[in-house]
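Everything below belongs to final06.cif, which stores mmCIF, C-alpha atoms (C1' of nucleotides).
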data_input
#
loop_
_atom_site.group_PDB
_atom_site.id
_atom_site.type_symbol
_atom_site.label_atom_id
_atom_site.label_comp_id
_atom_site.auth_asym_id
_atom_site.auth_seq_id
_atom_site.Cartn_x
_atom_site.Cartn_y
_atom_site.Cartn_z
ATOM 1 C CA MET E 1 20.920 3.478 4.871
ATOM 2 C CA CYS E 2 18.116 5.091 3.084
ATOM 3 C CA GLN E 3 17.723 8.613 2.006
ATOM 4 C CA PHE E 4 14.486 10.522 2.050
ATOM 5 C CA ARG E 5 13.458 11.632 -1.408
ATOM 6 C CA GLY E 6 9.774 12.525 -1.376
ATOM 7 C CA LYS E 7 8.267 15.839 -0.485
ATOM 8 C CA LEU E 8 5.939 15.481 2.425
ATOM 9 C CA GLU E 9 3.543 18.325 2.891
ATOM 10 C CA LEU E 10 0.714 16.916 4.896
ATOM 11 C CA GLU E 11 -1.310 18.306 7.691
ATOM 12 C CA GLY E 12 -0.355 16.717 10.921
ATOM 13 C CA LEU E 13 3.140 16.374 9.701
ATOM 14 C CA LYS E 14 4.400 19.756 10.672
ATOM 15 C CA LYS E 15 6.381 18.386 13.546
ATOM 16 C CA MET E 16 8.239 15.906 11.418
ATOM 17 C CA ASN E 17 11.247 17.038 9.513
ATOM 18 C CA GLU E 18 13.055 14.978 6.942
ATOM 19 C CA GLN E 19 15.528 13.698 9.409
ATOM 20 C CA GLN E 20 12.744 12.402 11.628
ATOM 21 C CA ILE E 21 11.036 10.793 8.696
ATOM 22 C CA GLN E 22 14.235 9.065 7.806
ATOM 23 C CA GLN E 23 14.500 8.055 11.403
ATOM 24 C CA PHE E 24 11.010 6.611 11.238
ATOM 25 C CA ASN E 25 12.009 4.338 8.404
ATOM 26 C CA HIS E 26 15.137 3.299 10.167
ATOM 27 C CA ASP E 27 13.340 2.550 13.433
ATOM 28 C CA LEU E 28 10.529 0.775 11.646
ATOM 29 C CA LEU E 29 12.830 -1.561 9.789
ATOM 30 C CA ASP E 30 15.086 -2.044 12.760
ATOM 31 C CA TRP E 31 12.118 -3.020 14.899
ATOM 32 C CA PHE E 32 10.823 -5.308 12.201
ATOM 33 C CA HIS E 33 14.065 -7.201 11.832
ATOM 34 C CA ARG E 34 14.261 -7.783 15.558
ATOM 35 C CA LYS E 35 10.614 -8.292 16.483
ATOM 36 C CA GLY E 36 8.732 -8.924 13.264
ATOM 37 C CA ARG E 37 6.956 -12.211 12.782
ATOM 38 C CA LYS E 38 8.422 -15.020 10.754
ATOM 39 C CA LEU E 39 5.473 -16.267 8.775
ATOM 40 C CA PRO E 40 5.323 -19.117 6.261
ATOM 41 C CA TRP E 41 4.261 -16.899 3.365
ATOM 42 C CA ARG E 42 7.130 -14.538 4.020
ATOM 43 C CA LYS E 43 9.619 -17.242 3.214
ATOM 44 C CA THR E 44 8.416 -17.745 -0.314
ATOM 45 C CA ASP E 45 8.709 -15.644 -3.416
ATOM 46 C CA ASN E 46 6.005 -17.568 -5.201
ATOM 47 C CA PRO E 47 3.391 -14.941 -6.108
ATOM 48 C CA TYR E 48 0.673 -17.568 -6.140
ATOM 49 C CA TYR E 49 1.382 -18.549 -2.537
ATOM 50 C CA ILE E 50 1.533 -14.933 -1.466
ATOM 51 C CA TRP E 51 -1.810 -14.364 -3.138
ATOM 52 C CA ILE E 52 -3.361 -17.228 -1.197
ATOM 53 C CA SER E 53 -2.020 -15.880 2.074
ATOM 54 C CA GLU E 54 -3.328 -12.387 1.387
ATOM 55 C CA VAL E 55 -6.815 -13.659 0.688
ATOM 56 C CA MET E 56 -6.824 -15.775 3.836
ATOM 57 C CA LEU E 57 -5.493 -12.913 5.938
ATOM 58 C CA GLN E 58 -8.232 -10.592 4.782
ATOM 59 C CA GLN E 59 -10.670 -12.218 7.068
ATOM 60 C CA THR E 60 -8.761 -14.082 9.712
ATOM 61 C CA GLN E 61 -6.016 -13.636 12.237
ATOM 62 C CA VAL E 62 -2.517 -14.799 11.483
ATOM 63 C CA ASN E 63 -2.496 -17.672 13.930
ATOM 64 C CA THR E 64 -5.652 -19.140 12.493
ATOM 65 C CA VAL E 65 -4.426 -18.752 8.946
ATOM 66 C CA ILE E 66 -1.076 -20.545 9.331
ATOM 67 C CA PRO E 67 -2.349 -24.156 9.396
ATOM 68 C CA TYR E 68 -4.864 -23.430 6.642
ATOM 69 C CA TYR E 69 -2.189 -21.881 4.482
ATOM 70 C CA ASP E 70 0.188 -24.819 4.957
ATOM 71 C CA GLN E 71 -2.501 -27.314 4.191
ATOM 72 C CA PHE E 72 -3.832 -25.337 1.240
ATOM 73 C CA ILE E 73 -0.578 -24.955 -0.643
ATOM 74 C CA LYS E 74 0.206 -28.586 -0.004
ATOM 75 C CA LYS E 75 -3.094 -29.596 -1.515
ATOM 76 C CA PHE E 76 -2.979 -27.054 -4.346
ATOM 77 C CA PRO E 77 0.745 -26.524 -4.929
ATOM 78 C CA THR E 78 0.356 -24.828 -8.305
ATOM 79 C CA PRO E 79 -2.164 -22.484 -9.916
ATOM 80 C CA GLU E 80 -3.070 -25.312 -12.278
ATOM 81 C CA ALA E 81 -3.828 -27.633 -9.380
ATOM 82 C CA LEU E 82 -6.210 -25.110 -7.895
ATOM 83 C CA ALA E 83 -7.758 -24.240 -11.228
ATOM 84 C CA ASP E 84 -8.444 -27.883 -12.013
ATOM 85 C CA ALA E 85 -9.826 -28.803 -8.608
ATOM 86 C CA PRO E 86 -13.566 -29.170 -8.104
ATOM 87 C CA GLU E 87 -14.962 -26.236 -6.195
ATOM 88 C CA GLN E 88 -16.115 -28.558 -3.430
ATOM 89 C CA GLU E 89 -12.536 -29.600 -2.788
ATOM 90 C CA VAL E 90 -11.488 -26.000 -2.429
ATOM 91 C CA LEU E 91 -14.333 -25.191 -0.078
ATOM 92 C CA LYS E 92 -13.473 -28.235 1.989
ATOM 93 C CA SER E 93 -9.948 -26.935 2.483
ATOM 94 C CA TRP E 94 -11.418 -23.593 3.454
ATOM 95 C CA GLU E 95 -13.812 -25.059 5.999
ATOM 96 C CA GLY E 96 -13.599 -23.161 9.258
ATOM 97 C CA LEU E 97 -12.129 -19.986 7.801
ATOM 98 C CA GLY E 98 -15.459 -18.440 6.875
ATOM 99 C CA TYR E 99 -16.163 -15.973 4.080
ATOM 100 C CA TYR E 100 -16.436 -18.785 1.600
ATOM 101 C CA SER E 101 -17.150 -16.519 -1.323
ATOM 102 C CA ARG E 102 -13.557 -15.376 -1.107
ATOM 103 C CA ALA E 103 -12.425 -18.962 -1.577
ATOM 104 C CA ARG E 104 -14.671 -19.174 -4.603
ATOM 105 C CA ASN E 105 -13.331 -15.851 -5.881
ATOM 106 C CA LEU E 106 -9.764 -16.993 -5.349
ATOM 107 C CA GLN E 107 -10.323 -20.080 -7.438
ATOM 108 C CA LYS E 108 -12.121 -18.049 -10.073
ATOM 109 C CA GLY E 109 -9.264 -15.558 -10.152
ATOM 110 C CA VAL E 110 -6.690 -18.322 -10.419
ATOM 111 C CA ARG E 111 -8.638 -19.868 -13.268
ATOM 112 C CA GLU E 112 -8.582 -16.497 -15.040
ATOM 113 C CA MET E 113 -4.861 -16.288 -14.431
ATOM 114 C CA VAL E 114 -4.286 -19.732 -15.908
ATOM 115 C CA ALA E 115 -6.499 -18.981 -18.886
ATOM 116 C CA SER E 116 -5.329 -15.447 -19.669
ATOM 117 C CA TYR E 117 -1.817 -15.159 -18.283
ATOM 118 C CA ASN E 118 -0.332 -18.616 -18.831
ATOM 119 C CA GLY E 119 -0.582 -19.407 -15.164
ATOM 120 C CA GLU E 120 1.570 -16.510 -14.103
ATOM 121 C CA LEU E 121 0.483 -13.539 -12.086
ATOM 122 C CA PRO E 122 0.601 -10.321 -14.078
ATOM 123 C CA LYS E 123 3.161 -7.801 -12.914
ATOM 124 C CA ASN E 124 1.189 -4.595 -12.905
ATOM 125 C CA LYS E 125 -1.511 -3.375 -10.634
ATOM 126 C CA SER E 126 -4.342 -2.886 -13.084
ATOM 127 C CA GLU E 127 -3.965 -6.340 -14.574
ATOM 128 C CA LEU E 128 -3.868 -7.799 -11.088
ATOM 129 C CA MET E 129 -7.070 -5.983 -10.224
ATOM 130 C CA SER E 130 -8.777 -7.431 -13.260
ATOM 131 C CA LEU E 131 -8.661 -10.816 -11.569
ATOM 132 C CA THR E 132 -11.693 -11.808 -9.550
ATOM 133 C CA GLY E 133 -11.192 -11.213 -5.870
ATOM 134 C CA VAL E 134 -8.176 -8.964 -6.298
ATOM 135 C CA GLY E 135 -8.932 -5.382 -5.313
ATOM 136 C CA PRO E 136 -6.681 -2.415 -4.595
ATOM 137 C CA TYR E 137 -5.368 -3.844 -1.347
ATOM 138 C CA THR E 138 -4.442 -7.307 -2.587
ATOM 139 C CA ALA E 139 -2.994 -5.913 -5.810
ATOM 140 C CA SER E 140 -0.728 -3.567 -3.876
ATOM 141 C CA ALA E 141 0.264 -6.287 -1.449
ATOM 142 C CA LEU E 142 1.254 -8.505 -4.367
ATOM 143 C CA MET E 143 3.175 -5.742 -6.098
ATOM 144 C CA SER E 144 5.273 -5.175 -3.001
ATOM 145 C CA MET E 145 5.583 -8.687 -1.585
ATOM 146 C CA ALA E 146 5.986 -10.586 -4.830
ATOM 147 C CA TYR E 147 7.578 -8.037 -7.113
ATOM 148 C CA HIS E 148 9.350 -5.686 -4.714
ATOM 149 C CA GLU E 149 7.660 -2.654 -6.173
ATOM 150 C CA PRO E 150 7.288 0.337 -3.831
ATOM 151 C CA GLU E 151 3.534 -0.005 -3.558
ATOM 152 C CA PRO E 152 2.040 0.573 -0.102
ATOM 153 C CA ALA E 153 -0.708 -1.864 0.846
ATOM 154 C CA ILE E 154 -3.314 0.403 2.352
ATOM 155 C CA ASP E 155 -5.420 -1.353 4.932
ATOM 156 C CA GLY E 156 -6.823 -0.542 8.341
ATOM 157 C CA ASN E 157 -3.605 -1.537 10.049
ATOM 158 C CA LEU E 158 -1.421 0.727 7.989
ATOM 159 C CA MET E 159 -3.772 3.663 8.368
ATOM 160 C CA ARG E 160 -4.065 3.205 12.108
ATOM 161 C CA VAL E 161 -0.312 3.059 12.670
ATOM 162 C CA LEU E 162 0.467 5.981 10.413
ATOM 163 C CA SER E 163 -2.399 8.055 11.793
ATOM 164 C CA ARG E 164 -0.931 7.701 15.252
ATOM 165 C CA VAL E 165 2.628 8.362 14.249
ATOM 166 C CA PHE E 166 1.860 11.298 12.005
ATOM 167 C CA LEU E 167 -1.077 12.675 13.946
ATOM 168 C CA ILE E 168 -3.570 12.398 11.169
ATOM 169 C CA ASP E 169 -7.001 13.000 12.562
ATOM 170 C CA ASP E 170 -9.205 12.295 9.620
ATOM 171 C CA ASP E 171 -11.849 9.604 9.664
ATOM 172 C CA ILE E 172 -10.155 6.616 8.116
ATOM 173 C CA ALA E 173 -13.483 5.339 6.854
ATOM 174 C CA LYS E 174 -13.608 8.148 4.317
ATOM 175 C CA GLN E 175 -12.159 7.639 0.912
ATOM 176 C CA LYS E 176 -10.552 11.049 0.884
ATOM 177 C CA THR E 177 -8.565 9.984 3.917
ATOM 178 C CA ARG E 178 -7.447 6.847 2.180
ATOM 179 C CA LYS E 179 -5.935 8.997 -0.572
ATOM 180 C CA LYS E 180 -4.020 10.920 2.006
ATOM 181 C CA PHE E 181 -2.491 7.792 3.470
ATOM 182 C CA GLU E 182 -1.701 6.580 0.010
ATOM 183 C CA LYS E 183 0.319 9.721 -0.600
ATOM 184 C CA LEU E 184 2.082 9.565 2.735
ATOM 185 C CA ALA E 185 2.852 5.862 2.493
ATOM 186 C CA SER E 186 4.068 6.168 -1.096
ATOM 187 C CA ASP E 187 6.527 8.825 -0.050
ATOM 188 C CA LEU E 188 7.726 6.802 2.896
ATOM 189 C CA ILE E 189 8.051 3.492 1.085
ATOM 190 C CA VAL E 190 10.458 4.686 -1.595
ATOM 191 C CA GLN E 191 13.321 4.574 0.837
ATOM 192 C CA THR E 192 12.513 1.123 2.122
ATOM 193 C CA GLU E 193 12.459 -2.430 0.899
ATOM 194 C CA PRO E 194 8.776 -2.374 -0.021
ATOM 195 C CA ALA E 195 7.827 -5.801 1.300
ATOM 196 C CA TYR E 196 9.446 -5.057 4.649
ATOM 197 C CA PHE E 197 7.740 -1.703 4.872
ATOM 198 C CA ASN E 198 4.294 -3.226 4.470
ATOM 199 C CA GLN E 199 5.055 -6.206 6.675
ATOM 200 C CA ALA E 200 6.530 -4.028 9.381
ATOM 201 C CA LEU E 201 3.473 -1.787 9.522
ATOM 202 C CA MET E 202 1.289 -4.865 9.540
ATOM 203 C CA ASP E 203 3.149 -6.363 12.483
ATOM 204 C CA LEU E 204 3.320 -3.088 14.328
ATOM 205 C CA GLY E 205 -0.424 -2.711 13.926
ATOM 206 C CA ALA E 206 -1.088 -6.227 15.119
ATOM 207 C CA MET E 207 1.457 -6.435 17.921
ATOM 208 C CA VAL E 208 2.002 -2.963 19.337
ATOM 209 C CA CYS E 209 -0.052 -0.238 17.818
ATOM 210 C CA ARG E 210 -3.352 -2.015 18.141
ATOM 211 C CA ARG E 211 -6.905 -0.923 17.642
ATOM 212 C CA LYS E 212 -7.804 -1.414 21.259
ATOM 213 C CA LEU E 213 -5.584 -0.873 24.250
ATOM 214 C CA PRO E 214 -2.855 0.932 22.385
ATOM 215 C CA THR E 215 -0.580 0.276 25.282
ATOM 216 C CA VAL E 216 2.901 1.632 25.564
ATOM 217 C CA ARG E 217 3.952 -1.142 27.904
ATOM 218 C CA SER E 218 6.886 -3.181 26.682
ATOM 219 C CA ALA E 219 7.423 -0.546 24.151
ATOM 220 C CA HIS E 220 10.863 0.753 24.990
ATOM 221 C CA SER E 221 12.214 -0.898 21.937
ATOM 222 C CA THR E 222 9.548 -0.053 19.459
ATOM 223 C CA ALA E 223 9.804 2.321 16.609
ATOM 224 C CA ILE E 224 6.880 4.277 17.977
ATOM 225 C CA VAL E 225 8.598 4.985 21.245
ATOM 226 C CA ALA E 226 11.789 5.877 19.488
ATOM 227 C CA LEU E 227 9.797 8.471 17.645
ATOM 228 C CA MET E 228 8.152 9.758 20.776
ATOM 229 C CA LYS E 229 11.508 10.194 22.410
ATOM 230 C CA LYS E 230 12.510 12.394 19.572
ATOM 231 C CA GLY E 231 9.769 14.788 20.474
ATOM 232 C CA CYS E 232 6.936 13.579 18.370
ATOM 233 C CA SER E 233 3.590 13.139 19.955
ATOM 234 C CA TRP E 234 1.430 10.162 19.563
ATOM 235 C CA ASN E 235 -2.219 10.711 19.088
ATOM 236 C CA ILE E 236 -4.035 7.610 20.160
ATOM 237 C CA ARG E 237 -7.221 7.074 18.287
ATOM 238 C CA SER E 238 -8.700 4.813 15.721
ATOM 239 C CA ARG E 239 -11.354 6.844 14.014
ATOM 240 C CA ALA E 240 -11.877 10.540 13.772
ATOM 241 C CA ALA E 241 -15.219 12.145 14.378
ATOM 242 C CA LYS E 242 -16.742 9.782 16.878
ATOM 243 C CA GLN E 243 -15.168 8.106 19.845
ATOM 244 C CA SER E 244 -13.571 11.297 20.978
ATOM 245 C CA GLN E 245 -13.447 9.872 24.470
ATOM 246 C CA GLU E 246 -10.796 7.534 23.232
ATOM 247 C CA ARG E 247 -8.733 10.421 22.153
ATOM 248 C CA PHE E 248 -5.722 11.548 24.039
ATOM 249 C CA ILE E 249 -2.343 12.756 23.150
ATOM 250 C CA MET E 250 0.860 11.804 24.796
ATOM 251 C CA ARG E 251 3.975 13.795 24.697
ATOM 252 C CA CYS E 252 7.302 12.496 25.775
ATOM 253 C "C1'" DC K 1 -18.159 7.494 -4.671
ATOM 254 C "C1'" DT K 2 -21.847 3.898 -2.644
ATOM 255 C "C1'" DC K 3 -23.250 -0.533 -1.825
ATOM 256 C "C1'" DC K 4 -22.588 -5.358 -0.527
ATOM 257 C "C1'" DT K 5 -21.089 -9.385 2.232
ATOM 258 C "C1'" DG K 6 -20.156 -12.377 6.317
ATOM 259 C "C1'" DT K 7 -18.554 -12.005 10.703
ATOM 260 C "C1'" DG K 8 -17.774 -10.284 15.296
ATOM 261 C "C1'" DT K 9 -18.975 -7.112 19.092
ATOM 262 C "C1'" DT K 10 -21.950 -4.479 22.155
ATOM 263 C "C1'" DA H 1 -31.119 -5.788 17.415
ATOM 264 C "C1'" DA H 2 -27.883 -2.688 15.819
ATOM 265 C "C1'" DC H 3 -23.672 -1.470 14.520
ATOM 266 C "C1'" DA H 4 -18.577 -1.890 13.265
ATOM 267 C "C1'" DC H 5 -15.315 -3.831 10.240
ATOM 268 C "C1'" DA H 6 -12.662 -4.981 6.051
ATOM 269 C "C1'" DG H 7 -12.225 -5.758 1.957
ATOM 270 C "C1'" DG H 8 -14.103 -6.191 -3.144
ATOM 271 C "C1'" DA H 9 -17.455 -4.930 -6.730
ATOM 272 C "C1'" DG H 10 -20.137 -1.953 -9.580
#

In structure tokens, write the structure found in this file.
Amino acid sequence: MCQFRGKLELEGLKKMNEQQIQQFNHDLLDWFHRKGRKLPWRKTDNPYYIWISEVMLQQTQVNTVIPYYDQFIKKFPTPEALADAPEQEVLKSWEGLGYYSRARNLQKGVREMVASYNGELPKNKSELMSLTGVGPYTASALMSMAYHEPEPAIDGNLMRVLSRVFLIDDDIAKQKTRKKFEKLASDLIVQTEPAYFNQALMDLGAMVCRRKLPTVRSAHSTAIVALMKKGCSWNIRSRAAKQSQERFIMRC
DNA sequence: CTCCTGTGTT
DNA sequence: AACACAGGAG
């Protein structure tokens, strides 16, 4: 059982005390272990494979990615195999996924990794970000998924879920807002197995706490509802300023 | 921070 | 046609 250590002093968080925050982590992980998705790239601890999956997932839904991922790692089982392959071969394996420049960037990044890091992914965020195609999101995802570092992977999913749970109203398109979520998520993740934390928020965002139709149906067993039952309100919205018609608050 | 890109939605 | 989105890059 985890213990809350951070100091959370965020707007929109007034209603949450430490015990509730701890409860959030517990419910989140509990939900994830029961309902979370078993995905091919979650079975491996090969950073190179995890990298491939993260790049593919940036632009495509999970179900579409699965066969591409399986095929891709079979065809390019090692960084060296991908680095040595002709670009055309790589693009052929990517055919149908779209955003082909990301396939090119992935190969370029892997070539840099082979040339500069002996074919191994560096273990810190700034070195990861020096690789072509690896930005803040992918670097954080790799730190948590591959190296079990408490680094929250801030993407739209994570911000949407946390904004609803913690009643954060800010426009998630703004960079200032991103900082805020970074702070909140960093404090939350320290009491969690980092990979599970990110994966759980990802699954929650994709399966329950979705962009559209944030339905509460079938939700008796979700972490969100557990929170609502404890007196927290759930502000359903995706972006701040606009779309105020979409905005309503439920209290249980 | 702003801009860029390909893609999907209205 | 216009805009939203989701990341990375500069």

Residues returned when the PyMOL selection byres ((chain E) within 8 of (chain H)) runs on this file, as number ranges by chain: E: 58-59, 133-135, 137, 156

Residue members of the PyMOL selection byres ((chain E) within 9 of (chain K)) in the file shown, as a list in words: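 Checked against the file, the PyMOL selection byres ((chain E) within 9 of (chain K)) matches Gln59, Gly98, Tyr99, Tyr100, Ser101 and Gln175 of chain E.
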
With C-alpha atoms retained, write the just-selected residues as a PDB file, keeping the file's coordinate frame.
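Result file part-v1.pdb:
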ATOM      1  CA  GLN E  59     -10.670 -12.218   7.068  1.00  0.00           C
ATOM      2  CA  GLY E  98     -15.459 -18.440   6.875  1.00  0.00           C
ATOM      3  CA  TYR E  99     -16.163 -15.973   4.080  1.00  0.00           C
ATOM      4  CA  TYR E 100     -16.436 -18.785   1.600  1.00  0.00           C
ATOM      5  CA  SER E 101     -17.150 -16.519  -1.323  1.00  0.00           C
ATOM      6  CA  GLN E 175     -12.159   7.639   0.912  1.00  0.00           C
TER       7      GLN E 175
END

Separation of CA of Met143 in chain E from CA of Glu87 in chain E, in Å and rounded to one decimal: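 Between these atoms lies a distance of 27.4 Å.
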
Nearest residue to Cys209 in chain E from the set E:Ala185, E:Val190, E:Met159, E:Ile50 (distances using all atoms listed in the file): E:Met159

Picked residues, the PyMOL selection byres ((chain E and resi 150) around 7), as a list in words: Ser144, His148, Glu149, Glu151, Pro152, Ile189, Val190 and Pro194 of chain E

Interatomic distance (Å, one decimal) between CA of Leu28 in chain E and CA of Ala200 in chain E: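 A separation of 6.6 Å between them.
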
Computed interatomic separation between CA of Leu39 in chain E and CA of Ala85 in chain E (Å): 26.3 Å

Spatial neighbours of Leu158 in chain E, max dist 8 Å, only C-alpha atoms (C1' of nucleotides), sep filter under 6 positions, as an MDAnalysis selection string: chainID E and resid 198 201:202 205

Any idea what's packed within 12 Å of range 65-67 of chain E, counting all atoms listed in the file, ignoring anything in its chain fewer than 4 positions away? Could you give it as an mmCIF file with C-alpha atoms, in the frame of the given file?
data_model
loop_
_atom_site.group_PDB
_atom_site.id
_atom_site.type_symbol
_atom_site.label_atom_id
_atom_site.label_comp_id
_atom_site.auth_asym_id
_atom_site.auth_seq_id
_atom_site.Cartn_x
_atom_site.Cartn_y
_atom_site.Cartn_z
ATOM 1 C CA LYS E 38 8.422 -15.020 10.754
ATOM 2 C CA LEU E 39 5.473 -16.267 8.775
ATOM 3 C CA PRO E 40 5.323 -19.117 6.261
ATOM 4 C CA TRP E 41 4.261 -16.899 3.365
ATOM 5 C CA ARG E 42 7.130 -14.538 4.020
ATOM 6 C CA ILE E 52 -3.361 -17.228 -1.197
ATOM 7 C CA SER E 53 -2.020 -15.880 2.074
ATOM 8 C CA GLU E 54 -3.328 -12.387 1.387
ATOM 9 C CA VAL E 55 -6.815 -13.659 0.688
ATOM 10 C CA MET E 56 -6.824 -15.775 3.836
ATOM 11 C CA LEU E 57 -5.493 -12.913 5.938
ATOM 12 C CA GLN E 58 -8.232 -10.592 4.782
ATOM 13 C CA GLN E 59 -10.670 -12.218 7.068
ATOM 14 C CA THR E 60 -8.761 -14.082 9.712
ATOM 15 C CA GLN E 61 -6.016 -13.636 12.237
ATOM 16 C CA GLN E 71 -2.501 -27.314 4.191
ATOM 17 C CA PHE E 72 -3.832 -25.337 1.240
ATOM 18 C CA ILE E 73 -0.578 -24.955 -0.643
ATOM 19 C CA LYS E 74 0.206 -28.586 -0.004
ATOM 20 C CA SER E 93 -9.948 -26.935 2.483
ATOM 21 C CA TRP E 94 -11.418 -23.593 3.454
ATOM 22 C CA GLU E 95 -13.812 -25.059 5.999
ATOM 23 C CA GLY E 96 -13.599 -23.161 9.258
ATOM 24 C CA LEU E 97 -12.129 -19.986 7.801
ATOM 25 C CA GLY E 98 -15.459 -18.440 6.875
#

Atom completion result for range 20-31 of chain E (N, CA, C and O atoms) as a compact mmCIF listing (two decimals), keeping the file's coordinate frame:
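Saved to part_24.txt:
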# COMPACT_ATOMS: atom_id res chain seq x y z
N GLN E 20 13.60 13.26 10.81
CA GLN E 20 12.74 12.40 11.63
C GLN E 20 12.04 11.35 10.80
O GLN E 20 11.81 10.23 11.24
N ILE E 21 11.69 11.75 9.58
CA ILE E 21 11.04 10.79 8.70
C ILE E 21 11.99 9.67 8.33
O ILE E 21 11.64 8.50 8.32
N GLN E 22 13.20 10.06 8.08
CA GLN E 22 14.24 9.06 7.81
C GLN E 22 14.41 8.16 9.01
O GLN E 22 14.56 6.95 8.90
N GLN E 23 14.38 8.81 10.16
CA GLN E 23 14.50 8.06 11.40
C GLN E 23 13.35 7.06 11.56
O GLN E 23 13.52 5.94 12.03
N PHE E 24 12.17 7.50 11.16
CA PHE E 24 11.01 6.61 11.24
C PHE E 24 11.24 5.34 10.44
O PHE E 24 11.03 4.22 10.93
N ASN E 25 11.72 5.51 9.23
CA ASN E 25 12.01 4.34 8.40
C ASN E 25 13.06 3.45 9.04
O ASN E 25 12.92 2.23 9.06
N HIS E 26 14.07 4.07 9.55
CA HIS E 26 15.14 3.30 10.17
C HIS E 26 14.61 2.51 11.36
O HIS E 26 14.85 1.32 11.50
N ASP E 27 13.87 3.21 12.24
CA ASP E 27 13.34 2.55 13.43
C ASP E 27 12.35 1.44 13.06
O ASP E 27 12.32 0.38 13.68
N LEU E 28 11.54 1.74 12.08
CA LEU E 28 10.53 0.78 11.65
C LEU E 28 11.18 -0.53 11.19
O LEU E 28 10.82 -1.62 11.63
N LEU E 29 12.17 -0.38 10.32
CA LEU E 29 12.83 -1.56 9.79
C LEU E 29 13.67 -2.27 10.85
O LEU E 29 13.73 -3.50 10.89
N ASP E 30 14.28 -1.47 11.69
CA ASP E 30 15.09 -2.04 12.76
C ASP E 30 14.20 -2.86 13.69
O ASP E 30 14.53 -4.00 14.06
N TRP E 31 13.06 -2.29 14.05
CA TRP E 31 12.12 -3.02 14.90
C TRP E 31 11.66 -4.29 14.20
O TRP E 31 11.62 -5.36 14.78
